[in-house]
>>> print(open('coords-v7.csv').read())   # CSV, C-alpha atoms and all ligand atoms
chain,number,residue,atom,x,y,z
J,72,MET,CA,0.0,0.0,0.0
J,73,THR,CA,1.3,3.5,-0.8
J,74,ASN,CA,1.6,6.0,2.0
J,75,ASN,CA,1.0,9.2,0.1
J,76,LYS,CA,0.5,12.1,2.6
J,77,GLN,CA,3.7,12.6,4.6
J,78,VAL,CA,4.8,16.2,4.9
J,79,GLU,CA,8.3,16.5,6.3
J,80,PRO,CA,10.4,19.4,7.5
J,81,ALA,CA,12.6,20.9,4.8
J,82,TYR,CA,15.9,19.0,4.3
J,83,SER,CA,14.8,15.9,6.1
J,84,VAL,CA,13.9,13.3,3.4
J,85,LEU,CA,15.6,15.5,0.7
J,86,ALA,CA,18.9,14.9,2.5
J,87,GLU,CA,18.9,11.4,1.0
J,88,ILE,CA,18.9,12.8,-2.6
J,89,TYR,CA,20.3,16.3,-2.0
J,90,ASP,CA,23.6,15.6,-3.8
J,91,ASP,CA,21.8,14.1,-6.8
J,92,VAL,CA,19.5,17.1,-7.0
J,93,MET,CA,22.5,19.4,-6.8
J,94,ILE,CA,24.6,17.4,-9.3
J,95,GLY,CA,24.9,20.4,-11.7
J,96,VAL,CA,26.3,22.8,-9.0
J,97,ASP,CA,30.0,23.5,-9.4
J,98,TYR,CA,31.1,23.4,-5.8
J,99,GLU,CA,34.8,23.4,-6.6
J,100,THR,CA,34.6,26.8,-8.4
J,101,TRP,CA,32.5,28.0,-5.5
J,102,THR,CA,35.1,26.8,-3.0
J,103,ASP,CA,37.9,28.6,-5.0
J,104,TYR,CA,35.8,31.7,-4.9
J,105,ILE,CA,35.4,31.6,-1.1
J,106,ASP,CA,39.1,30.8,-0.7
J,107,GLU,CA,39.9,33.8,-2.9
J,108,ILE,CA,37.8,36.1,-0.7
J,109,ILE,CA,39.4,34.8,2.5
J,110,TYR,CA,42.8,35.3,1.0
J,111,GLN,CA,41.9,38.9,0.0
J,112,TYR,CA,40.4,39.9,3.3
J,113,HIS,CA,42.0,37.7,5.9
J,114,PRO,CA,45.1,36.1,4.4
J,115,TYR,CA,46.3,34.5,7.7
J,116,ALA,CA,42.9,32.9,8.6
J,117,VAL,CA,43.2,29.3,9.8
J,118,THR,CA,40.0,28.4,11.6
J,119,VAL,CA,36.8,28.4,9.5
J,120,LEU,CA,33.2,27.8,10.4
J,121,GLU,CA,30.6,26.9,7.8
J,122,LEU,CA,27.0,27.6,8.5
J,123,ALA,CA,24.1,25.8,6.7
J,124,CYS,CA,26.7,23.4,5.2
J,125,GLY,CA,24.1,20.9,3.9
J,126,THR,CA,25.7,17.6,3.1
J,127,GLY,CA,29.2,19.1,3.5
J,128,THR,CA,30.3,19.3,-0.1
J,129,MET,CA,31.8,22.8,0.3
J,130,ALA,CA,33.6,22.0,3.6
J,131,LEU,CA,35.1,18.8,2.2
J,132,SER,CA,36.2,20.7,-0.9
J,133,LEU,CA,37.7,23.5,1.1
J,134,GLU,CA,39.6,21.0,3.2
J,135,GLU,CA,41.4,19.7,0.1
J,136,LEU,CA,43.2,23.1,-0.1
J,137,ALA,CA,45.0,22.0,3.1
J,138,ALA,CA,44.9,25.6,4.4
J,139,TYR,CA,42.2,25.6,7.1
J,140,ASP,CA,40.8,23.8,10.2
J,141,ILE,CA,37.2,23.5,9.4
J,142,THR,CA,34.0,23.1,11.4
J,143,ALA,CA,30.8,22.8,9.5
J,144,THR,CA,27.2,23.1,10.8
J,145,ASP,CA,23.7,22.7,9.6
J,146,GLY,CA,20.3,22.8,11.2
J,147,SER,CA,19.2,19.6,9.7
J,148,GLU,CA,20.3,16.4,11.5
J,149,GLU,CA,19.6,14.4,8.3
J,150,MET,CA,21.9,16.6,6.2
J,151,ILE,CA,24.6,16.4,8.8
J,152,GLN,CA,24.3,12.6,8.9
J,153,VAL,CA,25.0,12.5,5.1
J,154,ALA,CA,27.9,14.9,5.6
J,155,LYS,CA,29.4,12.7,8.3
J,156,GLN,CA,29.1,9.7,6.1
J,157,LYS,CA,30.9,11.5,3.3
J,158,ALA,CA,33.6,12.7,5.7
J,159,ARG,CA,34.2,9.1,6.9
J,160,SER,CA,34.6,7.9,3.3
J,161,ALA,CA,37.0,10.8,2.5
J,162,ARG,CA,39.0,10.3,5.8
J,163,SER,CA,38.2,13.9,6.4
J,164,ASP,CA,39.1,15.9,9.6
J,165,VAL,CA,36.2,18.3,9.1
J,166,LYS,CA,34.1,18.5,12.3
J,167,PHE,CA,30.4,18.3,11.4
J,168,LEU,CA,27.8,19.5,14.0
J,169,THR,CA,24.0,19.9,13.9
J,170,ARG,CA,23.4,23.6,14.8
J,171,ASN,CA,20.7,26.1,14.1
J,172,PHE,CA,22.4,29.3,12.9
J,173,LEU,CA,20.1,31.2,15.2
J,174,ASP,CA,21.6,29.4,18.2
J,175,LEU,CA,25.1,28.4,17.4
J,176,ASN,CA,26.3,27.5,20.8
J,177,MET,CA,29.9,26.7,19.8
J,178,ASP,CA,32.8,26.0,22.2
J,179,GLN,CA,35.4,27.5,19.9
J,180,THR,CA,35.9,30.8,18.0
J,181,PHE,CA,36.9,31.2,14.3
J,182,ASP,CA,38.8,33.5,12.0
J,183,VAL,CA,36.2,33.1,9.2
J,184,ALA,CA,32.5,32.1,9.1
J,185,PHE,CA,30.9,31.5,5.7
J,186,MET,CA,27.5,30.3,4.4
J,187,VAL,CA,26.6,29.7,0.8
J,188,PHE,CA,23.8,28.9,-1.6
J,189,ASP,CA,20.9,31.1,-0.5
J,190,SER,CA,20.9,29.8,3.0
J,191,LEU,CA,20.3,33.4,4.3
J,192,ASN,CA,17.1,33.4,2.2
J,193,TYR,CA,15.7,30.8,4.7
J,194,LEU,CA,15.5,33.7,7.2
J,195,HIS,CA,12.1,35.3,6.8
J,196,SER,CA,12.4,38.4,9.0
J,197,GLU,CA,14.8,41.2,9.7
J,198,GLN,CA,14.7,40.1,13.3
J,199,ASP,CA,16.0,36.7,12.5
J,200,ILE,CA,18.7,38.0,10.1
J,201,LEU,CA,19.9,40.3,12.9
J,202,LYS,CA,19.9,37.4,15.4
J,203,MET,CA,22.0,35.3,13.0
J,204,HIS,CA,24.5,38.1,12.7
J,205,ARG,CA,24.7,38.4,16.5
J,206,GLU,CA,25.3,34.6,16.8
J,207,VAL,CA,28.1,34.7,14.2
J,208,LYS,CA,29.7,37.8,15.9
J,209,LYS,CA,29.9,35.8,19.1
J,210,VAL,CA,32.0,33.1,17.5
J,211,LEU,CA,34.3,35.2,15.4
J,212,ASN,CA,37.9,36.1,16.6
J,213,PRO,CA,38.8,39.8,16.6
J,214,GLY,CA,39.2,40.9,12.9
J,215,GLY,CA,37.3,37.8,11.8
J,216,ILE,CA,35.2,37.9,8.6
J,217,PHE,CA,31.8,36.7,7.7
J,218,ILE,CA,31.0,35.7,4.1
J,219,TYR,CA,27.5,34.8,2.8
J,220,ASP,CA,25.4,35.0,-0.3
J,221,PHE,CA,21.7,35.7,-1.0
J,222,THR,CA,19.6,35.6,-4.1
J,223,THR,CA,17.7,38.6,-5.5
J,224,PRO,CA,14.2,39.1,-6.9
J,225,ARG,CA,15.6,39.1,-10.4
J,226,ASN,CA,17.1,35.7,-9.8
J,227,SER,CA,13.8,34.3,-8.6
J,228,ARG,CA,12.0,35.8,-11.6
J,229,ILE,CA,14.5,34.1,-14.0
J,230,ALA,CA,14.9,30.8,-12.1
J,231,ILE,CA,11.2,30.1,-11.9
J,232,LYS,CA,11.2,29.6,-15.7
J,233,HIS,CA,13.6,26.6,-15.6
J,234,LEU,CA,13.2,25.2,-12.1
J,235,ASN,CA,9.4,24.8,-12.4
J,236,ASN,CA,8.1,21.3,-12.8
J,237,GLU,CA,11.4,19.4,-12.9
J,238,SER,CA,11.1,15.7,-12.5
J,239,LYS,CA,13.9,13.1,-12.1
J,240,ARG,CA,14.7,9.6,-11.1
J,241,VAL,CA,17.9,10.0,-9.1
J,242,ASN,CA,18.9,6.4,-8.2
J,243,ASN,CA,17.2,3.0,-7.8
J,244,LEU,CA,15.4,4.2,-4.7
J,245,TYR,CA,14.0,7.7,-5.4
J,246,ARG,CA,12.2,9.9,-7.9
J,247,TYR,CA,11.4,13.5,-7.2
J,248,HIS,CA,9.4,16.4,-8.6
J,249,ARG,CA,10.1,20.0,-7.9
J,250,LYS,CA,7.5,22.8,-8.4
J,251,SER,CA,8.7,26.3,-7.9
J,252,SER,CA,6.6,29.4,-7.6
J,253,TYR,CA,7.5,33.0,-6.9
J,254,ASN,CA,5.2,35.6,-5.3
J,255,ALA,CA,6.9,38.9,-6.4
J,256,LYS,CA,4.7,41.0,-4.2
J,257,LYS,CA,5.5,39.1,-1.0
J,258,ARG,CA,9.0,38.2,-2.3
J,259,GLU,CA,8.4,34.6,-1.4
J,260,HIS,CA,10.1,31.9,-3.4
J,261,THR,CA,8.6,28.4,-2.8
J,262,ASN,CA,10.1,25.1,-3.9
J,263,ARG,CA,7.8,22.1,-3.3
J,264,PHE,CA,9.5,18.8,-3.5
J,265,ILE,CA,7.5,15.6,-3.9
J,266,ILE,CA,9.8,12.7,-3.2
J,267,GLU,CA,8.8,9.2,-4.0
J,268,LYS,CA,10.6,6.3,-2.4
J,269,LEU,CA,10.4,3.3,-4.6
J,270,SER,CA,10.0,-0.3,-3.5
J,271,ASN,CA,13.1,-2.4,-3.9
J,272,GLU,CA,11.3,-5.3,-5.4
J,273,SER,CA,8.6,-3.9,-7.6
J,274,GLY,CA,10.0,-0.4,-8.3
J,275,ASN,CA,6.5,1.0,-7.5
J,276,VAL,CA,6.1,4.0,-5.3
J,277,ALA,CA,6.2,2.8,-1.7
J,278,GLU,CA,6.1,6.2,0.1
J,279,THR,CA,5.5,9.8,-1.0
J,280,TYR,CA,6.9,12.7,1.0
J,281,HIS,CA,6.2,16.4,0.6
J,282,GLU,CA,8.7,19.0,1.6
J,283,LYS,CA,8.0,22.8,1.3
J,284,HIS,CA,11.0,25.1,1.1
J,285,LEU,CA,10.1,28.8,1.6
J,286,GLN,CA,12.7,31.4,0.9
J,287,LYS,CA,12.3,35.2,1.4
J,288,ILE,CA,14.0,37.1,-1.3
J,289,TYR,CA,16.0,40.3,-0.6
J,290,THR,CA,17.5,43.2,-2.5
J,291,LEU,CA,21.0,44.5,-1.8
J,292,PRO,CA,19.7,47.8,-0.2
J,293,GLU,CA,17.6,45.8,2.2
J,294,ILE,CA,20.5,43.6,3.3
J,295,GLU,CA,22.8,46.6,3.6
J,296,ASN,CA,20.2,48.3,5.8
J,297,ILE,CA,20.0,45.3,8.1
J,298,VAL,CA,23.8,44.9,8.3
J,299,LYS,CA,24.0,48.6,9.3
J,300,LYS,CA,22.1,47.6,12.5
J,301,THR,CA,24.7,44.9,13.4
J,302,GLU,CA,28.2,45.1,14.8
J,303,PHE,CA,29.6,44.2,11.4
J,304,SER,CA,30.8,46.6,8.7
J,305,ILE,CA,30.5,45.7,5.0
J,306,LEU,CA,33.9,45.2,3.3
J,307,ASN,CA,32.3,44.4,0.0
J,308,ALA,CA,29.2,43.1,-1.8
J,309,PHE,CA,30.2,41.1,-4.8
J,310,ASP,CA,28.2,40.2,-7.9
J,311,GLY,CA,27.6,36.5,-8.2
J,312,PHE,CA,30.9,34.6,-8.3
J,313,ALA,CA,32.9,37.6,-9.4
J,314,LEU,CA,35.2,39.9,-7.4
J,315,GLU,CA,33.3,42.8,-8.9
J,316,PRO,CA,30.8,45.0,-7.1
J,317,ALA,CA,27.2,43.8,-7.0
J,318,HIS,CA,24.7,45.9,-9.0
J,319,GLU,CA,21.0,46.1,-9.6
J,320,LYS,CA,21.0,43.2,-12.1
J,321,SER,CA,23.0,40.8,-9.8
J,322,LEU,CA,21.2,37.5,-9.4
J,323,ARG,CA,23.3,36.4,-6.4
J,324,ILE,CA,25.2,38.7,-4.1
J,325,THR,CA,28.1,37.7,-1.9
J,326,MET,CA,28.5,39.8,1.2
J,327,VAL,CA,31.9,40.2,3.0
J,328,LEU,CA,31.6,41.6,6.5
J,329,GLN,CA,34.0,42.2,9.3
L,401,LIG,C1,20.1,25.5,-0.2
L,401,LIG,S1,20.7,24.5,1.1
L,401,LIG,C2,22.4,24.9,1.0
L,401,LIG,C3,23.3,23.8,1.6
L,401,LIG,C4,24.8,23.9,1.4
L,401,LIG,N1,25.3,25.2,1.8
L,401,LIG,C5,25.1,23.7,-0.1
L,401,LIG,O1,25.7,24.6,-0.7
L,401,LIG,O2,24.8,22.7,-0.6
L,401,LIG,C6,20.2,25.4,2.6
L,401,LIG,C7,20.7,24.8,3.9
L,401,LIG,O3,20.3,25.7,4.9
L,401,LIG,C8,20.0,24.9,6.1
L,401,LIG,N2,19.3,25.7,7.0
L,401,LIG,C9,18.1,26.3,6.8
L,401,LIG,N3,17.7,27.0,7.9
L,401,LIG,C10,18.7,26.8,8.9
L,401,LIG,C11,18.9,27.2,10.2
L,401,LIG,N4,18.0,28.0,10.9
L,401,LIG,N5,20.0,26.8,10.8
L,401,LIG,C12,21.0,26.1,10.2
L,401,LIG,N6,20.8,25.6,8.9
L,401,LIG,C13,19.7,26.0,8.3
L,401,LIG,C14,19.2,23.7,5.5
L,401,LIG,O4,19.2,22.6,6.4
L,401,LIG,C15,20.0,23.4,4.2
L,401,LIG,O5,21.0,22.5,4.4
>>> encode(input="coords-v7.csv", output="structure tokens")
Amino acid sequence: MTNNKQVEPAYSVLAEIYDDVMIGVDYETWTDYIDEIIYQYHPYAVTVLELACGTGTMALSLEELAAYDITATDGSEEMIQVAKQKARSARSDVKFLTRNFLDLNMDQTFDVAFMVFDSLNYLHSEQDILKMHREVKKVLNPGGIFIYDFTTPRNSRIAIKHLNNESKRVNNLYRYHRKSSYNAKKREHTNRFIIEKLSNESGNVAETYHEKHLQKIYTLPEIENIVKKTEFSILNAFDGFALEPAHEKSLRITMVLQ
């Protein structure tokens, strides 16, 4: 019998197939970009904290540069379990911990904190964005830097055209469908994942899970105004994966704060 109505928190069941869903993402280039920014703004940095690390791909890739001691955290226990498994296979020294970035509770401080791939967009209010900055400030060493990106309304308007209604079989066990919608007025970008777990024997759908991912989409002036209310100053706001200033047509903006 098919169990068809299970609604799960974001990044619980998806953790099983996250790396397959993200197969097209060039994490190595992204890693080089973050490394480049660290080198430019904090060349002697050693200790690095990743927030919202997902299944750990960036942290493991950064470790390959043999330049940093890395701790990587995510709010989803399931994503961290996948990351830990990957770390064991790679004989990695990265320390993976389950942590909500609104309550980091670390027993160490760091030269750099970073967070990539729209994770800031999972914060839906200015109050929460301020809290996240306060949490990071608490765990940074003096002179430490904080790097993160967010996506813009323009990105959502464009992405919606190619992300909508994607369907894929990812391995022998799963099939997923993604439906995306963007409410430009409320600036809410919603990805709905329907994840079907297939039966080993018959290949029929054994379980169907639903995950809803709601992201709030921000402009650069909005984020700049929020950062002004924190103890950080903005060193730069970069356009996408470039070391050029962000502009009104930027799809993704990378903030560098100190
Ligand atoms: C788009 S994924 C990015 C994951 C990873 N950075 C990557 O590049 O693959 C967003 C991540 O943010 C995490 N996340 C969302 N809200 C969070 C919170 N309050 N605290 C910590 N992690 C959170 C999710 O669990 C998920 O792993």
>>> closest_residue(input="coords-v7.csv", among="J:Glu107, J:Glu148, J:Asp140, J:Glu134", to="ligand LIG 401 (chain L)", atoms="only C-alpha atoms and all ligand atoms")
J:Glu148
>>> closest_atom_pairs(input="coords-v7.csv", of="chain J", to="ligand LIG 401 (chain L)", cutoff="6 Å", atoms="only C-alpha atoms and all ligand atoms", output="Markdown table")
| residue | atom | partner | partner_atom | distance |
| --- | --- | --- | --- | --- |
| J:Tyr82 | CA | L:LIG401 | O4 | 5.3 |
| J:Ala123 | CA | L:LIG401 | N6 | 4.0 |
| J:Cys124 | CA | L:LIG401 | N1 | 4.1 |
| J:Gly125 | CA | L:LIG401 | O5 | 3.5 |
| J:Asp145 | CA | L:LIG401 | N6 | 4.2 |
| J:Gly146 | CA | L:LIG401 | C12 | 3.5 |
| J:Ser147 | CA | L:LIG401 | O4 | 4.5 |
| J:Arg170 | CA | L:LIG401 | C12 | 5.8 |
| J:Asn171 | CA | L:LIG401 | N5 | 3.4 |
| J:Phe172 | CA | L:LIG401 | N5 | 4.1 |
| J:Leu173 | CA | L:LIG401 | N4 | 5.8 |
| J:Val187 | CA | L:LIG401 | N1 | 4.8 |
| J:Phe188 | CA | L:LIG401 | O1 | 4.8 |
| J:Asp189 | CA | L:LIG401 | C1 | 5.7 |
| J:Ser190 | CA | L:LIG401 | C6 | 4.5 |
| J:Tyr193 | CA | L:LIG401 | N3 | 5.4 |
>>> atom_distance(input="coords-v7.csv", atom1="atom CA of J:Ile288", atom2="atom CA of J:Glu259")
6.1 Å
>>> closest_residue(input="coords-v7.csv", among="J:Gln286, J:Ser252, J:Ser83, J:Thr100", to="J:Leu194", atoms="only C-alpha atoms")
J:Gln286
>>> closest_residue(input="coords-v7.csv", among="J:Ile294, J:Ala313, J:Ala86, J:Ala158", to="J:Thr222", atoms="all atoms listed in the file")
J:Ile294
>>> atom_distance(input="coords-v7.csv", atom1="atom CA of J:His281", atom2="atom CA of J:Ala81")
8.9 Å
>>> atom_distance(input="coords-v7.csv", atom1="atom CA of J:Thr279", atom2="atom CA of J:Arg258")
28.6 Å
>>> residues_around(input="coords-v7.csv", residues="J:Lys166", least_positions_apart="4", cutoff="10 Å", atoms="only C-alpha atoms", output="ChimeraX atom specification")
/J:120,130,140-144,154-155,158
>>> closest_residue(input="coords-v7.csv", among="J:His195, J:Arg263, J:His113, J:Lys256", to="J:Asn236", atoms="all atoms listed in the file")
J:Arg263
>>> closest_residue(input="coords-v7.csv", among="J:Thr126, J:Thr180, J:Ser196, J:Ser132", to="J:Asp97", atoms="all atoms listed in the file")
J:Ser132
>>> closest_residue(input="coords-v7.csv", among="J:Glu121, J:Glu149, J:Glu319, J:Asp199", to="J:Lys287", atoms="all atoms listed in the file")
J:Asp199
>>> residues_around(input="coords-v7.csv", residues="J:Glu282", least_positions_apart="4", cutoff="10 Å", atoms="only C-alpha atoms", output="PyMOL selection string")
chain J and resi 77-85+249+262-266
